[in-house]
>>> print(open('entry.txt').read())   # compact mmCIF, C-alpha atoms
# COMPACT_ATOMS: atom_id res chain seq x y z
CA MET N 1 67.26 192.71 263.14
CA ASN N 2 64.37 192.65 265.63
CA ILE N 3 65.31 193.52 269.20
CA HIS N 4 64.04 191.00 271.72
CA GLN N 5 65.72 192.41 274.85
CA LEU N 6 67.64 195.59 275.59
CA SER N 7 69.79 196.43 278.59
CA VAL N 8 71.58 199.72 279.27
CA ARG N 9 73.68 199.81 282.43
CA TYR N 10 76.34 202.09 283.82
CA GLN N 11 79.51 200.13 284.68
CA HIS N 12 81.22 201.96 287.54
CA GLU N 13 84.56 200.13 287.14
CA GLN N 14 84.79 201.06 283.45
CA ASP N 15 83.11 204.49 283.83
CA ARG N 16 81.17 203.61 280.70
CA ILE N 17 77.67 202.56 279.78
CA LEU N 18 77.19 199.05 278.43
CA MET N 19 74.32 198.65 276.00
CA SER N 20 73.43 195.01 275.32
CA LEU N 21 70.74 193.72 273.03
CA ASN N 22 69.40 190.31 272.13
CA THR N 23 67.72 189.89 268.78
CA ALA N 24 64.73 187.72 267.95
CA ASP N 25 67.00 185.58 265.74
CA GLY N 26 69.39 184.71 268.57
CA HIS N 27 72.23 187.23 268.28
CA GLU N 28 73.68 189.33 271.09
CA MET N 29 75.40 192.67 270.52
CA GLN N 30 77.22 194.62 273.23
CA ILE N 31 78.38 198.20 272.88
CA TRP N 32 80.41 200.42 275.21
CA LEU N 33 79.18 204.03 275.29
CA THR N 34 81.63 206.61 276.61
CA ARG N 35 80.75 210.00 278.07
CA ARG N 36 82.02 211.67 274.90
CA ILE N 37 79.67 209.59 272.74
CA ILE N 38 76.72 210.19 275.10
CA LEU N 39 77.31 213.97 275.03
CA GLY N 40 76.80 213.90 271.26
CA LEU N 41 74.20 211.15 271.08
CA TRP N 42 71.84 212.28 273.84
CA PRO N 43 70.74 215.61 272.34
CA LEU N 44 70.54 214.06 268.87
CA LEU N 45 68.27 211.21 270.01
CA ASN N 46 66.06 213.69 271.84
CA ARG N 47 65.84 215.95 268.78
CA LEU N 48 64.93 212.96 266.59
CA ALA N 49 62.26 211.90 269.10
CA ILE N 50 60.75 215.38 268.96
CA ASP N 51 61.16 216.09 265.25
CA HIS N 52 60.38 212.64 263.80
CA PHE N 53 58.83 210.27 266.33
CA ALA N 54 56.46 212.43 268.41
CA VAL N 55 53.53 211.21 266.33
CA PRO N 56 53.06 207.62 265.08
CA ALA N 57 53.96 207.10 261.42
CA ASP N 58 50.41 206.08 260.51
CA ALA N 59 48.98 209.37 261.85
CA LYS N 60 51.53 211.32 259.76
CA SER N 61 50.88 209.30 256.60
CA ASP N 62 47.10 209.68 256.98
CA GLY N 63 47.57 213.46 256.96
CA PHE N 64 46.27 213.92 260.51
CA VAL N 65 49.40 215.60 261.82
CA ASP N 66 52.17 217.58 260.17
CA LEU N 67 55.00 217.80 262.73
CA LYS N 68 56.77 220.50 260.74
CA ALA N 69 53.74 222.77 261.14
CA LEU N 70 53.86 222.49 264.95
CA ASP N 71 56.06 224.66 267.15
CA HIS N 72 58.91 223.13 269.17
CA LYS N 73 57.04 223.25 272.48
CA THR N 74 54.06 221.36 271.03
CA ARG N 75 56.30 218.75 269.39
CA THR N 76 58.16 218.30 272.71
CA MET N 77 54.88 217.81 274.54
CA LEU N 78 53.67 215.27 271.94
CA ALA N 79 56.98 213.38 272.14
CA ASP N 80 56.78 213.23 275.93
CA MET N 81 53.19 211.97 275.77
CA ARG N 82 54.21 209.32 273.25
CA ARG N 83 57.17 208.31 275.41
CA GLN N 84 54.93 207.86 278.45
CA GLU N 85 52.44 205.86 276.39
CA VAL N 86 55.17 203.55 275.07
CA LEU N 87 56.81 203.06 278.47
CA GLN N 88 53.52 201.86 279.98
CA THR N 89 53.48 198.92 277.58
CA LEU N 90 57.03 197.66 278.21
CA ASP N 91 58.39 194.98 280.52
CA PHE N 92 61.12 196.40 282.76
CA GLN N 93 61.01 193.48 285.22
CA THR N 94 62.28 190.45 283.27
CA PRO N 95 66.07 190.20 283.63
CA TYR N 96 68.23 190.51 280.53
CA LYS N 97 69.58 187.12 279.41
CA SER N 98 73.22 187.56 278.48
CA GLY N 99 75.22 184.91 276.68
CA THR N 100 72.18 183.12 275.27
CA GLY N 101 72.95 183.69 271.59
CA SER N 102 75.76 184.00 269.11
CA LYS N 103 77.95 187.10 269.29
CA PRO N 104 78.67 188.33 265.73
CA LEU N 105 80.89 191.11 267.12
CA GLY N 106 82.88 188.71 269.29
CA ASP N 107 83.08 188.40 273.07
CA THR N 108 84.45 191.92 273.60
CA PRO N 109 81.87 194.70 273.47
CA LEU N 110 82.25 197.12 270.55
CA LEU N 111 83.78 200.40 271.78
CA LEU N 112 81.59 202.91 269.97
CA THR N 113 83.68 205.63 268.32
CA GLU N 114 81.13 206.76 265.73
CA ILE N 115 77.39 206.43 265.22
CA ASN N 116 75.24 207.39 262.24
CA LEU N 117 71.50 207.94 262.68
CA SER N 118 68.92 208.32 259.90
CA PRO N 119 65.16 208.52 260.35
CA LEU N 120 63.33 206.43 257.77
CA LYS N 121 60.02 207.10 256.03
CA ASN N 122 58.49 203.95 257.51
CA GLY N 123 58.82 205.48 261.00
CA ALA N 124 61.93 203.53 262.05
CA LEU N 125 65.42 204.79 262.82
CA HIS N 126 68.45 203.41 260.97
CA LEU N 127 71.54 203.16 263.21
CA ARG N 128 75.10 202.37 262.13
CA PHE N 129 77.57 201.69 264.95
CA HIS N 130 81.35 201.89 264.28
CA GLU N 131 84.46 201.02 266.25
CA LYS N 132 87.51 202.56 264.60
CA LEU N 133 90.52 202.09 266.86
CA GLU N 134 94.05 203.06 265.93
CA GLY N 135 96.14 200.01 265.14
CA VAL N 136 93.17 197.63 265.18
CA THR N 137 92.19 196.08 261.89
CA PRO N 138 89.59 195.40 260.71
CA ALA N 139 87.28 198.01 262.20
CA ARG N 140 84.11 196.53 263.65
CA SER N 141 80.63 197.80 262.87
CA PHE N 142 77.02 196.79 262.52
CA GLU N 143 73.78 198.43 261.58
CA MET N 144 70.14 198.01 262.43
CA GLN N 145 66.72 199.59 262.20
CA ILE N 146 64.68 200.17 265.30
CA PRO N 147 61.03 201.15 265.61
CA PRO N 148 60.03 204.39 267.39
CA GLU N 149 58.89 202.47 270.48
CA ILE N 150 62.43 201.22 271.02
CA ILE N 151 63.80 204.76 270.58
CA PHE N 152 61.69 206.00 273.50
CA SER N 153 62.72 202.95 275.53
CA LEU N 154 66.37 203.56 274.70
CA LEU N 155 66.03 207.21 275.78
CA GLN N 156 64.52 206.08 279.09
CA LEU N 157 67.22 203.50 279.78
CA LEU N 158 70.05 205.83 278.68
CA GLY N 159 68.64 208.58 280.91
CA MET N 160 68.67 206.23 283.88
CA ALA N 161 72.23 205.09 283.15
CA VAL N 162 73.45 208.69 282.78
CA GLN N 163 71.86 209.56 286.14
CA GLN N 164 73.65 206.59 287.71
CA SER N 165 76.95 207.65 286.13
CA GLN N 166 76.74 211.13 287.67
CA TRP N 167 78.42 212.50 284.55
CA SER N 168 78.07 216.24 284.37
CA MET N 169 75.83 217.01 281.41
CA ALA N 170 75.59 220.77 282.08
CA GLY N 171 74.40 222.61 279.02
CA ASP N 172 73.38 219.30 277.47
CA ALA N 173 70.28 218.64 279.55
CA PRO N 174 67.84 216.24 277.95
CA VAL N 175 65.06 217.79 275.94
CA LEU N 176 62.58 215.18 277.12
CA GLU N 177 62.13 214.99 280.83
CA ASN N 178 63.17 211.65 282.27
CA GLU N 179 60.70 211.06 285.05
CA VAL N 180 62.36 208.03 286.55
CA GLU N 181 60.95 206.30 289.58
CA PRO N 182 63.35 207.07 292.47
CA SER N 183 63.14 203.43 293.60
CA LEU N 184 64.70 202.32 290.29
CA LEU N 185 67.77 204.47 290.92
CA SER N 186 68.19 204.15 294.65
CA ASP N 187 69.62 200.65 294.66
CA LEU N 188 71.46 201.01 291.31
CA ARG N 189 70.15 197.65 290.13
CA PRO N 190 70.12 196.95 286.40
CA VAL N 191 66.98 197.82 284.48
CA TYR N 192 65.94 195.80 281.46
CA LEU N 193 63.74 196.23 278.44
CA ASN N 194 62.10 193.16 276.94
>>> encode(input="entry.txt", output="structure tokens")
Amino acid sequence: MNIHQLSVRYQHEQDRILMSLNTADGHEMQIWLTRRIILGLWPLLNRLAIDHFAVPADAKSDGFVDLKALDHKTRTMLADMRRQEVLQTLDFQTPYKSGTGSKPLGDTPLLLTEINLSPLKNGALHLRFHEKLEGVTPARSFEMQIPPEIIFSLLQLLGMAVQQSQWSMAGDAPVLENEVEPSLLSDLRPVYLN
């Protein structure tokens, strides 16, 4: 599943974050992220960015860099540099096009109750999203692989949505600094990744 567009927006009325993605093959997936899920997911995504995605996969496979040999501060700095490099190449201006494809999960966004993350040797991240609600059968789920560039984009968009939510994340501050342009947050308009 290749991601064509990604949108992460805080929904004030729901007090949740809605992550929407369009795939290159014409599918749209929508996922509700609650504060509880974000509290667990945010530090894990940051740790994966630092421990696995701070250096491109080709540099690791060529033997140029061994992340395990570097200290945490150096890995954090490399991850932040990589994040900034990736963010400069992305389109945050084109609006997300909702409702343009089929919705394999149905019209109601999946309420994320469990997520499994696994870094892969090819440099991608395998994600498995689950919705297990009491009294609702069958449980909904889907899985996908995303490249490191999308991970850094997802971190950026999630960081912006968490700032908009004003959820207290004390003690769970992001490992990577989210240097977000104040103008992007001041009017609380949606931000898109294409």
>>> closest_residue(input="entry.txt", among="N:Glu131, N:Asp25, N:Glu114, N:Asp15", to="Ser102 in chain N", atoms="all atoms listed in the file")
N:Asp25
>>> atom_distance(input="entry.txt", atom1="CA of Gly106 in chain N", atom2="CA of Leu33 in chain N")
16.9 Å
>>> closest_residue(input="entry.txt", among="N:Phe152, N:Phe129, N:Trp167, N:Trp42", to="Ala54 in chain N", atoms="all atoms listed in the file")
N:Phe152
>>> atom_distance(input="entry.txt", atom1="CA of Arg128 in chain N", atom2="CA of Asn116 in chain N")
5.0 Å
>>> closest_residue(input="entry.txt", among="N:Glu13, N:Met160, N:Gln84, N:His130", to="Ile37 in chain N", atoms="only C-alpha atoms")
N:His130
>>> closest_residue(input="entry.txt", among="N:Glu28, N:Glu149, N:Ile3, N:Leu127", to="Val55 in chain N", atoms="all atoms listed in the file")
N:Glu149
>>> closest_residue(input="entry.txt", among="N:Leu90, N:Leu155, N:Val162, N:Met144", to="Ile17 in chain N", atoms="all atoms listed in the file")
N:Val162
>>> residues_around(input="entry.txt", residues="range 134-143 of chain N", least_positions_apart="5", cutoff="12 Å", atoms="only C-alpha atoms", output="ChimeraX atom specification")
/N:1-2,28-31,103-106,108-118,125-129
>>> closest_residue(input="entry.txt", among="N:Thr89, N:Ser153, N:Ser7, N:Thr94", to="Leu21 in chain N", atoms="all atoms listed in the file")
N:Ser7
>>> axis_aligned_box(input="entry.txt", around="range 101-110 of chain N", padding_each_side="3 Å", output="AutoDock Vina command-line options")
--center_x 78.7 --center_y 190.4 --center_z 269.7 --size_x 17.5 --size_y 19.4 --size_z 13.9
>>> residues_around(input="entry.txt", residues="Ala161 in chain N", least_positions_apart="5", cutoff="7 Å", atoms="only C-alpha atoms", output="list of chain:residue names")
N:Val8, N:Arg9, N:Tyr10, N:Ile17
>>> closest_atom_pairs(input="entry.txt", of="range 25-49 of chain N", to="range 73-80 of chain N", cutoff="10 Å", atoms="all atoms listed in the file", output="Markdown table")
| residue | atom | partner | partner_atom | distance |
| --- | --- | --- | --- | --- |
| N:Asn46 | CA | N:Ala79 | CA | 9.1 |
| N:Arg47 | CA | N:Thr76 | CA | 8.9 |
| N:Leu48 | CA | N:Ala79 | CA | 9.7 |
| N:Ala49 | CA | N:Ala79 | CA | 6.3 |
>>> decode(input="entry.txt", residues="range 15-57 of chain N", atoms="C-alpha atoms", output="PDB file, in the first residue's frame")
ATOM      1  CA  ASP N  15     -11.356  15.404  21.263  1.00  0.00           C
ATOM      2  CA  ARG N  16      -9.518  12.947  19.040  1.00  0.00           C
ATOM      3  CA  ILE N  17      -7.047  13.056  16.195  1.00  0.00           C
ATOM      4  CA  LEU N  18      -8.247  11.877  12.799  1.00  0.00           C
ATOM      5  CA  MET N  19      -5.569  10.356  10.595  1.00  0.00           C
ATOM      6  CA  SER N  20      -6.663   9.936   6.978  1.00  0.00           C
ATOM      7  CA  LEU N  21      -4.653   8.493   4.143  1.00  0.00           C
ATOM      8  CA  ASN N  22      -5.208   7.996   0.452  1.00  0.00           C
ATOM      9  CA  THR N  23      -3.276   5.260  -1.282  1.00  0.00           C
ATOM     10  CA  ALA N  24      -1.852   5.293  -4.788  1.00  0.00           C
ATOM     11  CA  ASP N  25      -4.297   2.518  -5.734  1.00  0.00           C
ATOM     12  CA  GLY N  26      -7.383   4.545  -4.789  1.00  0.00           C
ATOM     13  CA  HIS N  27      -8.222   3.472  -1.226  1.00  0.00           C
ATOM     14  CA  GLU N  28      -8.926   5.768   1.706  1.00  0.00           C
ATOM     15  CA  MET N  29      -8.350   4.754   5.329  1.00  0.00           C
ATOM     16  CA  GLN N  30      -9.420   6.844   8.317  1.00  0.00           C
ATOM     17  CA  ILE N  31      -8.311   6.211  11.880  1.00  0.00           C
ATOM     18  CA  TRP N  32      -9.308   7.875  15.154  1.00  0.00           C
ATOM     19  CA  LEU N  33      -6.376   8.334  17.551  1.00  0.00           C
ATOM     20  CA  THR N  34      -7.266   8.917  21.192  1.00  0.00           C
ATOM     21  CA  ARG N  35      -5.068  10.598  23.790  1.00  0.00           C
ATOM     22  CA  ARG N  36      -4.413   7.209  25.393  1.00  0.00           C
ATOM     23  CA  ILE N  37      -3.127   5.790  22.094  1.00  0.00           C
ATOM     24  CA  ILE N  38      -1.003   8.896  21.405  1.00  0.00           C
ATOM     25  CA  LEU N  39       0.592   8.695  24.875  1.00  0.00           C
ATOM     26  CA  GLY N  40       1.878   5.222  23.990  1.00  0.00           C
ATOM     27  CA  LEU N  41       2.522   5.767  20.292  1.00  0.00           C
ATOM     28  CA  TRP N  42       4.358   9.101  20.418  1.00  0.00           C
ATOM     29  CA  PRO N  43       7.417   7.997  22.415  1.00  0.00           C
ATOM     30  CA  LEU N  44       7.578   4.713  20.493  1.00  0.00           C
ATOM     31  CA  LEU N  45       7.572   6.438  17.081  1.00  0.00           C
ATOM     32  CA  ASN N  46      10.257   8.838  18.287  1.00  0.00           C
ATOM     33  CA  ARG N  47      12.404   5.989  19.606  1.00  0.00           C
ATOM     34  CA  LEU N  48      12.045   4.124  16.300  1.00  0.00           C
ATOM     35  CA  ALA N  49      13.001   7.279  14.385  1.00  0.00           C
ATOM     36  CA  ILE N  50      16.142   7.605  16.498  1.00  0.00           C
ATOM     37  CA  ASP N  51      17.099   3.934  16.751  1.00  0.00           C
ATOM     38  CA  HIS N  52      16.198   2.741  13.239  1.00  0.00           C
ATOM     39  CA  PHE N  53      15.547   5.592  10.810  1.00  0.00           C
ATOM     40  CA  ALA N  54      18.116   8.280  11.695  1.00  0.00           C
ATOM     41  CA  VAL N  55      20.311   7.107   8.829  1.00  0.00           C
ATOM     42  CA  PRO N  56      19.044   6.019   5.384  1.00  0.00           C
ATOM     43  CA  ALA N  57      18.927   2.244   4.877  1.00  0.00           C
TER      44      ALA N  57
END
